[in-house]
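The block underneath contains the structure these notes are about, expressed in structure tokens.
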Amino acid sequence: MLRKLVAGNWKMHGLSGDLDEIRQIADQSRAYPAVDVALCVPAILIERAARSVPGFAIGGQDVHYAEKGAHTGCESAVMLLDAGASLTIVGHSERREAQRETDQLVKEKAQAALAAGLGVILCIGESLDVREQGAAVQTVLAQLDGSLPDSIGGEAELAIAYEPIWAIGTGKVPTVSEIAEMHAAIRRRLDDRFGADGRKVRILYGGSVKPSNAAEIFSIADVNGALVGGASLKAADFIPIVAAAS
Ligand code: 13P
């Protein structure tokens with residue numbers, strides 16, 4: 001059994017005044033030692049967040065594939081680590097769409113992060129069109145194939161987040177059988193690709209996870225945790241999700 005990972009994605013939310021909320025989330029998470037908990041915050045908040053919650057996992061939301069150089073506005077894996085992050089999200093659908101990130105770019109980011117020792121949550125997920133055409137599984141597996149690093153199994157851990165785009169921030173959630181089908185397909189693919197190392201990769205579900213639906217989602221086979229957006233901003237919403245994973 002893999003330990004569950006519940007990670008919050010704060011997206012473009014969070015100012016100095018929210019450090020207290022991060023402290024509350026970190027403090028209250030300690031009541032659930034069977035669950036790994038992390039918060040992925042805006043890059044500019046990483047260092048202050050990491051300093052204020054020692055021992056709690058703080059992550060970034062993106063990373064550049066290069067170690068350093070002429071890349072205005074970007075941060076490297078070494079920089080995130082230096083600021084106190086222990087993981088980062090890559091390939092979120094909001095970046096794939098708005099920043100036109102390709103599978104190849106996401107793969108390079110994931111490889112660079114893992115090589116530097118930074119954990120990775122790699123996001124994949126289909127649009128509503130694709131789901132309605134009945135092509136969700138094949139599309140998501142193709143995205144996975146194109147985005148996965150060539151090798152895993154080093155110190156830094158890879159997790160996959162299945163986030164159907166149409167479920168993000170909408171309150172719509174796939175059915176239990178839709179989630180089960182997709183997670184099982186991803187699990188088989190990781191097994192084929194990486195064998196024993198692939199079996200250690202946690203597969204998170206993301207998209208409108210809330211205190212009210214978390215327990216049902218966590219009970220699905222091959223759901224090894226969640227990537228939570230809106231409901232991760234407040235301890236009052238996020239901690240019940242952590243509790244449901246426990
Ligand atoms: P919501 O939980 O707000 O739907 O966001 C999900 C998400 O995109 C997490 O990365």
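Following the order of the structure tokens, first chain is A, next is B, and so on, with residues numbered from 1 inside each chain and ligands from 1 in the order they appear.
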
Residue set, range 10-210 of chain A restricted to strand (DSSP E or B), as a PyMOL selection string: chain A and resi 35-40+57-60+64+76+87-90+119-124+158-162+202-206

Each chain A residue no farther than 9 Å from ligand 1, nearest pair in Å, only C-alpha atoms and all ligand atoms, as JSON lines:
{"residue": "A:Ala7", "atom": "CA", "partner": "ligand 1", "partner_atom_place_in_ligand_line": "9 (C)", "distance": 8.5}
{"residue": "A:Gly8", "atom": "CA", "partner": "ligand 1", "partner_atom_place_in_ligand_line": "9 (C)", "distance": 7.0}
{"residue": "A:Asn9", "atom": "CA", "partner": "ligand 1", "partner_atom_place_in_ligand_line": "10 (O)", "distance": 5.1}
{"residue": "A:Trp10", "atom": "CA", "partner": "ligand 1", "partner_atom_place_in_ligand_line": "9 (C)", "distance": 8.0}
{"residue": "A:Lys11", "atom": "CA", "partner": "ligand 1", "partner_atom_place_in_ligand_line": "10 (O)", "distance": 7.6}
{"residue": "A:Gln61", "atom": "CA", "partner": "ligand 1", "partner_atom_place_in_ligand_line": "10 (O)", "distance": 8.9}
{"residue": "A:Ile89", "atom": "CA", "partner": "ligand 1", "partner_atom_place_in_ligand_line": "10 (O)", "distance": 8.3}
{"residue": "A:His92", "atom": "CA", "partner": "ligand 1", "partner_atom_place_in_ligand_line": "10 (O)", "distance": 6.6}
{"residue": "A:Ser93", "atom": "CA", "partner": "ligand 1", "partner_atom_place_in_ligand_line": "8 (O)", "distance": 7.5}
{"residue": "A:Glu94", "atom": "CA", "partner": "ligand 1", "partner_atom_place_in_ligand_line": "8 (O)", "distance": 7.6}
{"residue": "A:Cys123", "atom": "CA", "partner": "ligand 1", "partner_atom_place_in_ligand_line": "10 (O)", "distance": 7.9}
{"residue": "A:Ala161", "atom": "CA", "partner": "ligand 1", "partner_atom_place_in_ligand_line": "10 (O)", "distance": 8.1}
{"residue": "A:Glu163", "atom": "CA", "partner": "ligand 1", "partner_atom_place_in_ligand_line": "8 (O)", "distance": 6.8}
{"residue": "A:Pro164", "atom": "CA", "partner": "ligand 1", "partner_atom_place_in_ligand_line": "8 (O)", "distance": 8.8}
{"residue": "A:Ile165", "atom": "CA", "partner": "ligand 1", "partner_atom_place_in_ligand_line": "8 (O)", "distance": 7.8}
{"residue": "A:Trp166", "atom": "CA", "partner": "ligand 1", "partner_atom_place_in_ligand_line": "4 (O)", "distance": 8.9}
{"residue": "A:Ala167", "atom": "CA", "partner": "ligand 1", "partner_atom_place_in_ligand_line": "4 (O)", "distance": 6.1}
{"residue": "A:Ile168", "atom": "CA", "partner": "ligand 1", "partner_atom_place_in_ligand_line": "4 (O)", "distance": 3.5}
{"residue": "A:Gly169", "atom": "CA", "partner": "ligand 1", "partner_atom_place_in_ligand_line": "4 (O)", "distance": 3.5}
{"residue": "A:Thr170", "atom": "CA", "partner": "ligand 1", "partner_atom_place_in_ligand_line": "4 (O)", "distance": 6.3}
{"residue": "A:Gly171", "atom": "CA", "partner": "ligand 1", "partner_atom_place_in_ligand_line": "4 (O)", "distance": 6.8}
{"residue": "A:Lys172", "atom": "CA", "partner": "ligand 1", "partner_atom_place_in_ligand_line": "4 (O)", "distance": 8.4}
{"residue": "A:Val173", "atom": "CA", "partner": "ligand 1", "partner_atom_place_in_ligand_line": "4 (O)", "distance": 8.9}
{"residue": "A:Tyr205", "atom": "CA", "partner": "ligand 1", "partner_atom_place_in_ligand_line": "9 (C)", "distance": 8.8}
{"residue": "A:Gly206", "atom": "CA", "partner": "ligand 1", "partner_atom_place_in_ligand_line": "6 (C)", "distance": 5.1}
{"residue": "A:Gly207", "atom": "CA", "partner": "ligand 1", "partner_atom_place_in_ligand_line": "4 (O)", "distance": 3.9}
{"residue": "A:Ser208", "atom": "CA", "partner": "ligand 1", "partner_atom_place_in_ligand_line": "4 (O)", "distance": 3.5}
{"residue": "A:Val209", "atom": "CA", "partner": "ligand 1", "partner_atom_place_in_ligand_line": "2 (O)", "distance": 5.2}
{"residue": "A:Lys210", "atom": "CA", "partner": "ligand 1", "partner_atom_place_in_ligand_line": "2 (O)", "distance": 7.3}
{"residue": "A:Ala226", "atom": "CA", "partner": "ligand 1", "partner_atom_place_in_ligand_line": "9 (C)", "distance": 8.4}
{"residue": "A:Leu227", "atom": "CA", "partner": "ligand 1", "partner_atom_place_in_ligand_line": "9 (C)", "distance": 5.0}
{"residue": "A:Val228", "atom": "CA", "partner": "ligand 1", "partner_atom_place_in_ligand_line": "2 (O)", "distance": 4.2}
{"residue": "A:Gly229", "atom": "CA", "partner": "ligand 1", "partner_atom_place_in_ligand_line": "2 (O)", "distance": 3.4}
{"residue": "A:Gly230", "atom": "CA", "partner": "ligand 1", "partner_atom_place_in_ligand_line": "3 (O)", "distance": 3.8}
{"residue": "A:Ala231", "atom": "CA", "partner": "ligand 1", "partner_atom_place_in_ligand_line": "2 (O)", "distance": 6.0}
{"residue": "A:Ser232", "atom": "CA", "partner": "ligand 1", "partner_atom_place_in_ligand_line": "2 (O)", "distance": 7.6}

Going by DSSP on the backbone, which bits of range 70-114 of chain A are alpha helix (DSSP H)? Write them as a PyMOL selection string, please. chain A and resi 77-83+93-98+103-114

For N, CA, C and O atoms, I'd like the residues from the last selection saved as a CSV table (one decimal), in the first residue's frame.
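File produced: part-v8.csv:
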chain,number,residue,atom,x,y,z
A,77,ALA,N,15.2,24.2,-10.9
A,77,ALA,CA,15.0,23.3,-9.8
A,77,ALA,C,16.0,23.6,-8.6
A,77,ALA,O,15.6,23.6,-7.4
A,78,VAL,N,17.2,24.0,-8.9
A,78,VAL,CA,18.2,24.3,-7.9
A,78,VAL,C,17.7,25.5,-7.1
A,78,VAL,O,17.9,25.6,-5.9
A,79,MET,N,17.1,26.5,-7.8
A,79,MET,CA,16.6,27.7,-7.1
A,79,MET,C,15.5,27.3,-6.2
A,79,MET,O,15.4,27.8,-5.0
A,80,LEU,N,14.6,26.5,-6.6
A,80,LEU,CA,13.4,26.1,-5.8
A,80,LEU,C,14.0,25.3,-4.5
A,80,LEU,O,13.5,25.6,-3.4
A,81,LEU,N,14.9,24.4,-4.8
A,81,LEU,CA,15.5,23.7,-3.6
A,81,LEU,C,16.2,24.7,-2.7
A,81,LEU,O,16.0,24.6,-1.4
A,82,ASP,N,16.9,25.6,-3.2
A,82,ASP,CA,17.6,26.6,-2.4
A,82,ASP,C,16.7,27.5,-1.6
A,82,ASP,O,17.0,27.9,-0.5
A,83,ALA,N,15.5,27.7,-2.1
A,83,ALA,CA,14.5,28.5,-1.4
A,83,ALA,C,13.8,27.6,-0.3
A,83,ALA,O,13.0,28.2,0.5
A,93,SER,N,-2.6,21.7,-16.4
A,93,SER,CA,-3.3,22.0,-17.6
A,93,SER,C,-3.4,23.5,-17.8
A,93,SER,O,-3.5,24.0,-18.9
A,94,GLU,N,-3.4,24.3,-16.7
A,94,GLU,CA,-3.5,25.8,-16.8
A,94,GLU,C,-2.2,26.3,-17.5
A,94,GLU,O,-2.2,27.3,-18.3
A,95,ARG,N,-1.1,25.6,-17.3
A,95,ARG,CA,0.2,26.0,-18.0
A,95,ARG,C,0.2,25.4,-19.4
A,95,ARG,O,0.7,26.1,-20.3
A,96,ARG,N,-0.2,24.2,-19.5
A,96,ARG,CA,-0.2,23.6,-20.8
A,96,ARG,C,-1.0,24.5,-21.8
A,96,ARG,O,-0.7,24.6,-22.9
A,97,GLU,N,-2.2,25.0,-21.3
A,97,GLU,CA,-3.0,25.9,-22.1
A,97,GLU,C,-2.5,27.3,-22.3
A,97,GLU,O,-2.2,27.7,-23.4
A,98,ALA,N,-2.3,28.0,-21.1
A,98,ALA,CA,-2.0,29.4,-21.2
A,98,ALA,C,-0.6,29.6,-21.7
A,98,ALA,O,-0.3,30.6,-22.4
A,103,ASP,N,4.0,18.3,-24.2
A,103,ASP,CA,4.5,17.1,-23.5
A,103,ASP,C,6.0,17.0,-23.4
A,103,ASP,O,6.6,16.7,-22.3
A,104,GLN,N,6.7,17.3,-24.5
A,104,GLN,CA,8.1,17.3,-24.5
A,104,GLN,C,8.7,18.3,-23.5
A,104,GLN,O,9.7,17.9,-22.8
A,105,LEU,N,8.2,19.5,-23.4
A,105,LEU,CA,8.7,20.5,-22.5
A,105,LEU,C,8.4,20.0,-21.0
A,105,LEU,O,9.3,20.1,-20.2
A,106,VAL,N,7.2,19.4,-20.8
A,106,VAL,CA,6.9,19.0,-19.5
A,106,VAL,C,7.9,17.8,-19.1
A,106,VAL,O,8.3,17.8,-17.9
A,107,LYS,N,8.2,17.0,-20.0
A,107,LYS,CA,9.1,15.9,-19.7
A,107,LYS,C,10.5,16.4,-19.4
A,107,LYS,O,11.1,16.0,-18.4
A,108,GLU,N,10.9,17.4,-20.1
A,108,GLU,CA,12.3,18.0,-19.8
A,108,GLU,C,12.3,18.7,-18.4
A,108,GLU,O,13.2,18.6,-17.7
A,109,LYS,N,11.2,19.3,-18.1
A,109,LYS,CA,11.1,19.9,-16.7
A,109,LYS,C,11.1,18.8,-15.6
A,109,LYS,O,11.8,19.0,-14.6
A,110,ALA,N,10.3,17.8,-15.9
A,110,ALA,CA,10.3,16.7,-14.9
A,110,ALA,C,11.7,16.1,-14.7
A,110,ALA,O,12.1,15.8,-13.6
A,111,GLN,N,12.3,15.8,-15.8
A,111,GLN,CA,13.7,15.2,-15.7
A,111,GLN,C,14.6,16.1,-15.0
A,111,GLN,O,15.4,15.6,-14.2
A,112,ALA,N,14.6,17.4,-15.3
A,112,ALA,CA,15.5,18.3,-14.7
A,112,ALA,C,15.3,18.4,-13.2
A,112,ALA,O,16.2,18.4,-12.4
A,113,ALA,N,14.0,18.4,-12.8
A,113,ALA,CA,13.7,18.5,-11.4
A,113,ALA,C,14.1,17.3,-10.6
A,113,ALA,O,14.8,17.3,-9.6
A,114,LEU,N,13.8,16.1,-11.2
A,114,LEU,CA,14.2,14.8,-10.5
A,114,LEU,C,15.7,14.7,-10.4
A,114,LEU,O,16.2,14.3,-9.3

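Each of A:Val120, A:Ile220, A:Leu15, A:Val37 was checked against Gly60 in chain A using only C-alpha atoms; the smallest atom-to-atom distance is that of A:Val120.
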